[in-house]
Every structure is written in C-alpha cells, then in structure tokens.
Amino acid sequence: MTSSLNLWLIPVLPLAGAAINGFLGKKSSRTAVSAIGLVFSGAALAWALSVVLRVSAADLPYQEYVAHWIRSGSFSADFALYLDQLSLVMLLVVTGVGFLIHIYSVGYMWDDPSFYRFFSYLNLFMFFMLTLILANNYLLMFIGWEGVGLASYLLIGFWFTKDSAASAGKKAFIVNRIGDFGFLIGLFLIIQHFGSLDFTKVFTQVQPLAVENGSAGLLTAIGILLMVGACGKSAQIPLYVWLPDAMEGPTPVSALIHAATMVTAGVYMVSRSHVIFERAPMALMVVAVIGTLTALFAATIGITQTDIKKVLAYSTVSQLGYMFMACGVGAFSAGIFHLMTHAFFKGLLFLAAGSVIHAVGGEQDMRKMGGLRSYIPVTFATMGIATLAIAGVPPFAGFWSKDEILWKAYQGNWVFWLVGVITAFITSFYMFRLLFMTFFGDYRGTQVDAHGHSTSAHGHDAHGHGEPHESPMVMLVPLMILALLSIVGGLVGIGNRFEHFLEPVFGSGATEAVGEAASHSTELLLMGISVTVAVLGFVLAYVLYVSKPYLPQKIADSFGGLYEAVVNKYYVDELYAKLFVKPLVDGSTSILWQGVDRKVIDDTVNNAADGARHVSDEVRQMQSGNLRSYAGWIAAGSAVVIAYMIWMGVR
Amino acid sequence: MVPLSYYLVLSGILFACGVAGFLIKRNIITIFMSIELMLNGVNLSFVAFAAHWHSLAGQVFVFFVMVVAAAEAAVGLAIIIAVYRTRETLNVDQVNLLKL
C-alpha cells in the first residue's frame with residue numbers, strides 16, 4: 001500500500017451531511033436539502049469504492065489510527081478503524097444500499113414537512129452504521145451500535161405526533177437496551193480477562209485457548225452474552241418484538257435500517273467475534289437454535305398478516321434467523337453472504353412496498369389493494385424479482401445464499417436443515433401471497449369506505465389520487481438497480497467464491513473441509529429440495545389467492561383457535577405485557593412512586609420545610625423590632641454570663 | 001484609704017442605673033444619657049483597678065473609652081436631630097419604620 005486509505009472519511013462524510021442538514025436544513029429548500037443528503041452519502045459510497053480499488057488482498061487486514069480516546073492504565077481504546085474482507089463487504093452493502101435508499105427517499109418524502117429532518121437523521125444513521133462496521137475495537141463498535149439504535153429510534157418515531165409511532169420508537173429503544181445490557185456485560189468480561197477490547201489483541205489471546213467442549217466456560221459466557229446483544233439489535237427471539245412495531249417509521253427507513261443494514265449488525269458482530277464463538281460450541285448451539293426457531297416462528301406469523309409492511313417485517317426477522325442459523329453452525333461466510341443478498345432483495349421489497357403504498361395513497365392493508373399490476377408495472381416487476389429472490393428461486397440472489405446456509409446447516413445438524421426447509425416453504429408462500437394479494441385480482445381499494453385518500457374520490461388529498469399511479473423516476477431508479485442486484489447478487493457465491501473471499505477472516509474452518517469432502521450429489525439433492533419447496537410455496541399461494549380466493553377464509557376458519565393465535569402473533573406482546581411490563585408498571589407505581597418517591601423522598605423534603613417554617617414562626621417572635629426588648633435580651637444575656645462566671649468562681 | 005470595693009459597688013450601681021434607664025425610658029436622649037452613664041460606670045471601675053494595682057493600663061483604657069464616647073455623642077446627637085426633624089418625635093417606639 002502506498003499511502004493511507006483515509007478510511008475515516010467514510011463515516012465522517014455522512015456526519016457532515018447530517019450536521020449541515022440538521023442545523024441549516026430548516027431554512028433551506030427541499031432541493032438543497034436533498035442535494036446535501038445525496039452528495040454526502042454518495043461521497044461515502046464513492047470513497048468506499050475507491051478504497052476497494054486501491055486496496056489489495058495483501059494489505060488486509062488494514063488498521064487506521066484516527067485519534068486518542070481512552071487510555072487508562074494498561075487499558076486503551078482508540079478511535080481506530082479496521083478493514084478486512086468482512087468489513088469491506090459490509091461497507092459496500094451499507095454505503096451502496098444506503099445511497100440508493102437516500103435517492104428513493106427524495107421522492108418518497110418530498111411532501112413531508114420535516115423533509116430536512118429526515119435526511120439529517122438518515123445521514124446520521126449512515127455515520128453510526130459505518131462507525132460500527134469499521135471500528136477496530138468493541139468499544140467503538142458499541143458507540144456505533146448505540147448510535148444506530150438512536151437513529152433508529154428517531155426515525156421510527158419520525159412522525160412523533162402519531163401516538164403509535166412515538167410508542168413504537170420507545171419500544172424499539174427499550175427492547176434494545178435489554179440486549180445491550182448483555183452485550184455490555186460480555187464486553188466487561190472481555191476486559192476483565194483479556195485486558196483489551198481491540199479485536200486483534202483479544203482474538204490473538206483467544207486463539208490459543210482450548211475449545212470448551214462439554215463444559216461451559218468463560219468463552220461460552222462471553223459468546224452467549226454477545227448473542228443477547230445481537231438478539232436485541234437483530235430482532236431474534238425473545239427480543240424480536242420491536243421490529244414489527246418499527247414499521248411505524250417511514251418506509252425508506254424500514255428498508256434501510258430495519259431490513260438492509262442496522263438489524264444485520266448483530267450478525268456482523270457475531271461473525272466478527274467468530275474466534276470466540278468457534279471455541280465455545282455451546283454458545284454456537286445457542287446461536288443456531290435461536291436463529292432456527294426465530295426463522296420458523298416469524299415466518300408462521302408472516303402468513304397471516306395483512307399489513308404489507310408487517311409481512312415484510314416478520315419476513316426480515318425470519319431471514320435474520322437464517323443468518324444466525326448459519327453463524328450457529330459455524331458457516332459465518334454463508335451468514336454474511338445471506339446478509340448481503342438479503343440487503344438487496346429485502347431493501348428492494350420494502351422500497352417496492354413503499355412505492356405501492358405511495359401508489360394507493362397511504363393504504364397499507366393488502367386486503368384493500370389487488371390488481372395493481374396494470375397500474376404500477378415497474379413496481380410490480382421489481383417486487384416480483386425480489387419475491388423470487390427471497391423465495392429462493394434460481395438464479396436469483398436469495399437462492400444462492402439460502403441454499404448455502406441450508407447446505408451448511410445440513411452438515412451441522414439435519415434438524416436445522418429440516419426447519420430451514422420448512423421455513424423456506426413458508427417464506428415462499430407468504431411472499432407470493434403478498435405479491436398476489438397486492439398485484440393480482442381486482443382493485444379492492446374503491447370498495448372500501450376509506451377516508452378519501454385511497455379511493456377514487458377526486459383529488460382532495462395532498463397527492464390528488466384518482467387511481468393508483470406509478471411513482472416518480474427518482475423512486476423507480478433505485479428499485480431497478482436493487483432489482484438488478486437481486487438478480488445477479490447471488491452469482492458471486494457460485495463456486496464458493498464468496499467464501500474464499502472471506503477466508504482470510506473466517507479461515508477455512510472444519511465445516512468447510514467436510515463440505516469439500518461430502519458428496520456433490522447430496523448438495524444437488526438438497527438444492528433440488530429447496531427449489532421444490534419454493535415452487536410449492538408459489539403454487540399454494542397461487543391456488544389460494546388467485547385461482548380460488550374463497551379458500552383462505554375457509555382454511556382459516558377450520559383452524560379456529562390456532563389461526564387466531566397466529567394472527568395475534570402468538571400473543572407474545574400480550575405475554576410480555578403481562579410478564580414484564582405490567583409488574584414493572586405496577587411495582588413502579590405502588591412501590592417506587594407512591595412508596596419511595598412520595599412517602600420517603602417527598603415527605604422528607606416537605607417535612608423538613610414545614611419544620612423549618614414552624615420553628616421560624618416561633619423564633620421570629622423574638623425579633624419584635626422593639627429596641628428596648630433587644631436591650632433587655634442583651635442585659636439578660638450578660639446577666640446570665642456574669643452569674644455563670646461568678647458561680648464558677650465561687651466553686 | 002477608701003477600699004476598692006466601695007469604688008466597685010458605686011461603679012456597679014452607676015452601671016445598673018444606666019441599664020435600667022436604657023430599658024425603661026422611651027425618650028432617645030434619655031437612653032443616650034443612660035449609655036453614657038454605663039460607660040462612665042465602667043470607667044470608674046477601670047480607674048479604681050488602675051489605682052489599686054498601680055498600673056497605667058486601666059487609665060489608658062479610660063481615655064480610649066472617653067474618646068469613643070465623645071465620638072459616639074457627636075454622631076448620636078446628630079442622628080437624634082435628624083430623626084426629630086423628620087419624625088417630630090423622640091419616642092423610640094415610634095421610630096420603627098424598619099420593622100417588618
């Protein structure tokens with residue numbers, strides 16, 4: 001390498017954009033605001049690309065020291081950046097998809113009165129996400145980790161005058177705190193035992209440690225605690241509940257933060273810590289089980305949702321489960337591969353859903369859509385591509401990465417594979433259900449007595465909707481680019497090229513050695529099975545929602561209680577409310593508020609004040625203002641003093 | 001020679017008269033004179049002790065007291081005149097504007 005890569009520019013550029021828009025945006029025109037937002041996020045992308053061009057495999061991992069931060073005794077944590085193949089992939093995904101979503105947002109948010117605030121937050125998010133990715137120690141990563149949480153909170157609650165949005169933001173923040181608590185304790189353990197948070201320093205110390213087979217030791221504890229953190233950020237059981245609610249935010253936010261980038265931070269963190277996890281099989285097992293369960297669990301909920309964004313939200317949770325399943329069986333590169341392709345097709349799905357919502361004037365209920373195919377063909381085409389990708393139809397991106405994961409899972413434990421295949425079937429089904437309900441059949445928007453904006457009532461809302469209409473080019477171009485990526489994005493995985501690319505980071509682990517040895521025909525067979533289930537999902541969805549649309553209701557009725565439970569998301573929110581929220585609220589009310597706060601703290605203060613007033617009331621009688629009474633007191637006082645002296649003298 | 005105790009008793013009586021006058025009287029001038037009486041009662045005990053112990057320190061103190069008393073008389077009488085001019089009374093109970 002000839003010179004410094006100046007990596008620090010990549011996170012700092014969006015920060016500058018956020019600052020400019022945040023401080024000056026209010027007075028600037030929309031054009032200026034969007035120009036600044038786009039230029040700075042685009043510059044980050046450009047710089048990331050130039051880094052890719054200038055860096056060669058020999059230079060990696062590359063470290064860059066930016067500034068002092070904490071130096072305390074032997075412990076140190078600096079603002080220093082770390083670039084290897086893993087962060088390179090993340091870097092490109094975040095800046096690339098992020099920039100596309102910035103472009104899309106210009107169109108989507110154009111009519112919003114807080115346009116500048118949106119772009120400021122979005123750039124701020126980019127800054128924190130890039131910090132998270134490029135950090136060379138856990139502490140700096142944690143700063144980014146918390147920062148993206150903040151940006152997520154701000155953006156979920158972007159329309160904060162809406163009660164549901166404000167409380168969804170709070171929910172996301174609070175649920176994430178629980179995860180961060182585990183993450184922090186994990187970090188404390190690392191400091192305690194390895195005396196550093198630097199990735200390289202920690203990992204070189206972990207490397208010689210023995211694999212904790214059969215017994216749970218330090219590394220297992222650290223691994224599980226880190227996984228708790230990842231569960232919060234990446235919406236895994238039991239902390240996934242915030243993500244579906246996070247759909248209250250604007251759709252580009254859902255695409256960028258709650259699908260493509262931020263929620264994958266947990267996967268990134270676990271992969272980054274693979275050295276620790278590889279030596280703690282029990283922690284890996286926890287990761288795999290949580291991932292697998294989440295994948296299945298969220299997918300089943302996805303079947304019954306009718307809100308287009310909610311379906312996608314549960315689908316995201318489910319896909320994240322896949323990534324953790326991959327990490328859990330030690331196939332970190334497969335997890336990262338799926339992370340990347342997922343960023344493409346899920347980002348695209350959300351953006352296309354945003355385009356649909358835009359087209360029907362803010363309606364999100366799929367039961368009030370239908371037949372949109374002819375109104376918004378570009379959106380339909382791109383969304384169709386994304387659906388094929390997520391369903392795992394070759395040669396779209398999702399097929400390659402999902403197949404990779406299933407293959408690795410099969411080598412790990414066939415149970416994971418089986419659940420994964422079932423989930424793949426469900427995924428394919430609910431995604432095609434979404435597609436058919438939205439784009440096929442007849443448009444149902446007019447039949448519904450909506451309050452004006454989704455019907456053909458002529459132009460009395462802001463957009464003047466007559467009938468569903470295609471979005472402007474500024475929104476369609478990102479859709480097309482992402483659609484292209486969703487088609488070709490998986491091809492990098494052919495012949496394990498992606499895996500080889502990440503090999504310097506993850507090493508050629510034992511699983512891979514098995515992978516090469518295992519028979520090629522098994523792999524092909526598994527591939528065939530996953531394609532078959534994808535097609536089956538498609539067929540089932542087609543039968544139920546296109547050719548025989550009266551059937552779903554009948555099936556739902558025949559399931560009765562089970563169906564009810566799934567529609568209500570297994571009552572998990574209600575369960576949490578009963579188990580955690582209500583006891584907390586009650587305890588806070590009766591003990592902390594009525595007991596401690598009012599009875600102890602308030603009463604202490606009030607009684608002290610009352611006492612002081614009563615005493616003063618008495619004492620101030622002495623201050624009569626009568627000169628002679630003062631003199632009398634002085635005389636009496638001196639008389640007492642003299643009497644005392646005499647008495648002492650006599651004695 | 002007159003014993004020391006006589007002087008001290010006289011000094012005590014003078015001081016007590018001063019205190020009593022100060023406490024009882026309402027007229028500012030009378031109060032003022034009572035203060036002088038107390039000061040001079042103390043002065044008497046000073047000189048008595050000075051004579052008894054053959055020490056000049058007591059007499060020096062007396063001079064100090066007299067100087068201070070003179071200064072006090074000058075300032076005090078000026079204040080009394082000022083008060084009388086504005087309030088047309090010398091009754092201390094009525095000079096209570098500063099009272100809450």
# chains A, B, ... in the order shown; residues from 1 in each chain; ligands from 1
call {"tool": "select_by_dssp", "arguments": {"residues": "chain B", "states": "alpha helix (DSSP H)", "output": "PyMOL selection string"}}
result
chain B and resi 4-24+28-53+57-87
call {"tool": "closest_atom_pairs", "arguments": {"of": "chain A", "to": "chain B", "cutoff": "12 Å", "atoms": "only C-alpha atoms", "output": "JSON lines"}}
result
{"residue": "A:Arg620", "atom": "CA", "partner": "B:Leu100", "partner_atom": "CA", "distance": 10.7}
{"residue": "A:Gln621", "atom": "CA", "partner": "B:Leu100", "partner_atom": "CA", "distance": 11.3}
{"residue": "A:Gln623", "atom": "CA", "partner": "B:Lys99", "partner_atom": "CA", "distance": 9.0}
{"residue": "A:Ser624", "atom": "CA", "partner": "B:Lys99", "partner_atom": "CA", "distance": 7.7}
{"residue": "A:Gly625", "atom": "CA", "partner": "B:Lys99", "partner_atom": "CA", "distance": 5.3}
{"residue": "A:Asn626", "atom": "CA", "partner": "B:Asp93", "partner_atom": "CA", "distance": 6.7}
{"residue": "A:Leu627", "atom": "CA", "partner": "B:Val92", "partner_atom": "CA", "distance": 7.3}
{"residue": "A:Arg628", "atom": "CA", "partner": "B:Leu23", "partner_atom": "CA", "distance": 5.3}
{"residue": "A:Ser629", "atom": "CA", "partner": "B:Leu23", "partner_atom": "CA", "distance": 7.6}
{"residue": "A:Tyr630", "atom": "CA", "partner": "B:Leu23", "partner_atom": "CA", "distance": 9.2}
{"residue": "A:Ala631", "atom": "CA", "partner": "B:Leu23", "partner_atom": "CA", "distance": 6.6}
{"residue": "A:Gly632", "atom": "CA", "partner": "B:Leu23", "partner_atom": "CA", "distance": 6.3}
{"residue": "A:Trp633", "atom": "CA", "partner": "B:Leu23", "partner_atom": "CA", "distance": 10.1}
{"residue": "A:Ile634", "atom": "CA", "partner": "B:Val19", "partner_atom": "CA", "distance": 10.2}
{"residue": "A:Ala635", "atom": "CA", "partner": "B:Val19", "partner_atom": "CA", "distance": 7.5}
{"residue": "A:Ala636", "atom": "CA", "partner": "B:Val19", "partner_atom": "CA", "distance": 10.6}
{"residue": "A:Ser638", "atom": "CA", "partner": "B:Val19", "partner_atom": "CA", "distance": 11.4}
{"residue": "A:Ala639", "atom": "CA", "partner": "B:Ala16", "partner_atom": "CA", "distance": 11.1}
call {"tool": "residues_around", "arguments": {"residues": "Ile29 (chain B)", "least_positions_apart": "4", "cutoff": "10 Å", "atoms": "only C-alpha atoms", "output": "mmCIF file with N, CA and C atoms, in the first residue's frame"}}
result
data_model
loop_
_atom_site.group_PDB
_atom_site.id
_atom_site.type_symbol
_atom_site.label_atom_id
_atom_site.label_comp_id
_atom_site.auth_asym_id
_atom_site.auth_seq_id
_atom_site.Cartn_x
_atom_site.Cartn_y
_atom_site.Cartn_z
ATOM 1 N N LYS B 25 -36.687 53.870 79.718
ATOM 2 C CA LYS B 25 -37.048 55.145 79.108
ATOM 3 C C LYS B 25 -37.378 55.005 77.632
ATOM 4 N N MET B 33 -28.267 59.263 77.332
ATOM 5 C CA MET B 33 -27.597 59.608 78.579
ATOM 6 C C MET B 33 -27.368 58.354 79.421
ATOM 7 N N SER B 34 -28.263 57.422 79.368
ATOM 8 C CA SER B 34 -28.093 56.174 80.118
ATOM 9 C C SER B 34 -26.863 55.426 79.629
ATOM 10 N N ILE B 35 -26.661 55.463 78.312
ATOM 11 C CA ILE B 35 -25.475 54.783 77.771
ATOM 12 C C ILE B 35 -24.219 55.431 78.345
ATOM 13 N N GLY B 76 -24.272 60.388 67.540
ATOM 14 C CA GLY B 76 -25.604 60.074 68.070
ATOM 15 C C GLY B 76 -26.483 61.302 68.116
ATOM 16 N N LEU B 77 -25.959 62.420 68.615
ATOM 17 C CA LEU B 77 -26.790 63.627 68.694
ATOM 18 C C LEU B 77 -27.179 64.106 67.309
ATOM 19 N N ILE B 80 -29.990 62.031 66.295
ATOM 20 C CA ILE B 80 -31.216 62.392 67.019
ATOM 21 C C ILE B 80 -31.847 63.631 66.410
ATOM 22 N N LEU B 90 -39.302 61.988 69.661
ATOM 23 C CA LEU B 90 -38.091 61.371 70.156
ATOM 24 C C LEU B 90 -38.417 60.054 70.845
ATOM 25 N N ASN B 91 -39.631 59.591 70.659
ATOM 26 C CA ASN B 91 -40.046 58.328 71.261
ATOM 27 C C ASN B 91 -39.543 57.162 70.403
ATOM 28 N N VAL B 92 -38.661 56.296 71.032
ATOM 29 C CA VAL B 92 -38.083 55.224 70.212
ATOM 30 C C VAL B 92 -39.123 54.246 69.705
#
call {"tool": "residues_around", "arguments": {"residues": "region 55-69 of chain B", "least_positions_apart": "4", "cutoff": "9 Å", "atoms": "only C-alpha atoms", "output": "VMD selection string"}}
result
chain B and resid 36 39 to 40 42 to 51 73 to 74
call {"tool": "closest_residue", "arguments": {"among": "B:Val75, B:Ser11, B:Tyr84, B:Val2", "to": "Phe32 (chain B)", "atoms": "only C-alpha atoms"}}
result
B:Val75
call {"tool": "residues_around", "arguments": {"residues": "region 206-208 of chain A", "least_positions_apart": "5", "cutoff": "9 Å", "atoms": "only C-alpha atoms", "output": "ChimeraX atom specification"}}
result
/A:194,201,219,275-276,279
call {"tool": "closest_residue", "arguments": {"among": "A:Gly420, A:Gly182, A:Gly587, A:Pro504", "to": "Leu225 (chain A)", "atoms": "only C-alpha atoms"}}
result
A:Gly182
call {"tool": "closest_residue", "arguments": {"among": "A:Ser215, A:Ser521, A:Thr341, A:Ser4", "to": "Val89 (chain A)", "atoms": "only C-alpha atoms"}}
result
A:Thr341
call {"tool": "residues_around", "arguments": {"residues": "region 400-410 of chain A", "least_positions_apart": "5", "cutoff": "6 Å", "atoms": "only C-alpha atoms", "output": "ChimeraX atom specification"}}
result
/A:326,334,337-338,416-417,490
call {"tool": "atom_distance", "arguments": {"atom1": "CA of Ser471 (chain A)", "atom2": "CA of Ile376 (chain A)"}}
result
7.8 Å
call {"tool": "residues_around", "arguments": {"residues": "Asp245 (chain A)", "least_positions_apart": "6", "cutoff": "12 Å", "atoms": "only C-alpha atoms", "output": "number ranges by chain"}}
result
A: 153, 156-157, 164-173, 175, 235, 254, 258, 307, 309-314, 569, 573
